[in-house]
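Worksheet: the structure to be examined is printed underneath.
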Amino acid sequence: MSWWSSLSGGKSGRKQDNASSPILSENDDDLYPEAVARVMESGNCSVSFVQKEFRIGFLRASKLIYAMERDNIITSLDSSGARRVLKDEERDKITRTLPTNGHRPDADDPFDREFYFVPYPRITTPHSDLLLAGRKCYMSDPVFEQLATRNGRWVPSNKSGQVSDFFTYTDIGQLDFAINDYIDFLVQVRAAAESELPEHVKAEMIKSIGQLTGSDGHSYAAFIEAHGGMTRFIAKVI
């Protein structure tokens, strides 16, 4: 039985009878096959959807989505910032540029290792840059140079495909395991701050965000206090 059949368990058998099972590359995240199944069944392929469905951090959800893009499960972002699930016939026509194990033959070469885009977790980081967290590429790929000047950096993975915990410093200090929740917090804050809403509405939205708790269990109120309290925080952002 294929991974797709085992995950679908007959719940949507009619839809999957004529569907070809996508070929998935090797992925260190055990959640990947289930996330692919959920995205294909729902047709929703946003980072926020995966994040909410599995109650995981933004960085982890981003990596899962970009892995699906790499495996031709979903499209890349279009001009409106949206993705869609590829149809079976579309997926079958795409020529794969990476081997099925997800690694280039010379991936042990430090100059051809996988890199992940890590945004600088600062209150001033633009919303668009925060949304790029976890974007994967190789040093020779065009996207590497395109994103080189943004508010972040390309971080090389180790041989197991993981990013070092060293890259968890933020504008309120070293956060380690709270880094995912902090980036999620900044994504929501920057989205409100960069909206076209009146300033008093933005302030109310940020106050509401400050009452939330991240998917990893860290209180957003603690992040705001680390910035000097709500009044000072809003003054920094708006």
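Residue numbers start at 1 in each chain; chains themselves are named A, B, ... in the order of the structure tokens; ligands are numbered from 1 in the order shown.
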I want to know what sits within 6 Å of region 180-189 of chain A, based on only C-alpha atoms, with residues of the same chain fewer than 2 positions away left out; could you give that as an MDAnalysis selection string? chainID A and resid 57:58 127 178 191:192 214
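By only C-alpha atoms, and with residues fewer than 2 positions from Arg83 (chain A) along its chain excluded, the set lying at most 8 Å from it is Cys45, Ser46, Ile74, Thr75, Ser76, Leu77, Asp78, Gly81 and Val85 of chain A.
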Write to file, as a compact mmCIF listing (two decimals), in the first residue's frame, the residues of the selection just made, with C-alpha atoms.
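Writing done, so here's part15.txt:
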```
# COMPACT_ATOMS: atom_id res chain seq x y z
CA CYS A 45 -1.65 25.07 0.17
CA SER A 46 -0.81 28.10 2.28
CA ILE A 74 1.93 22.70 -5.51
CA THR A 75 2.85 25.72 -7.60
CA SER A 76 5.19 28.48 -6.56
CA LEU A 77 3.72 31.81 -5.46
CA ASP A 78 1.97 33.65 -8.27
CA GLY A 81 0.97 35.71 -3.57
CA VAL A 85 -2.31 22.26 -5.96
```
Between CA of Asp216 (chain A) and CA of Ser62 (chain A), what is the distance in Å, rounded to a tenth? 15.3 Å
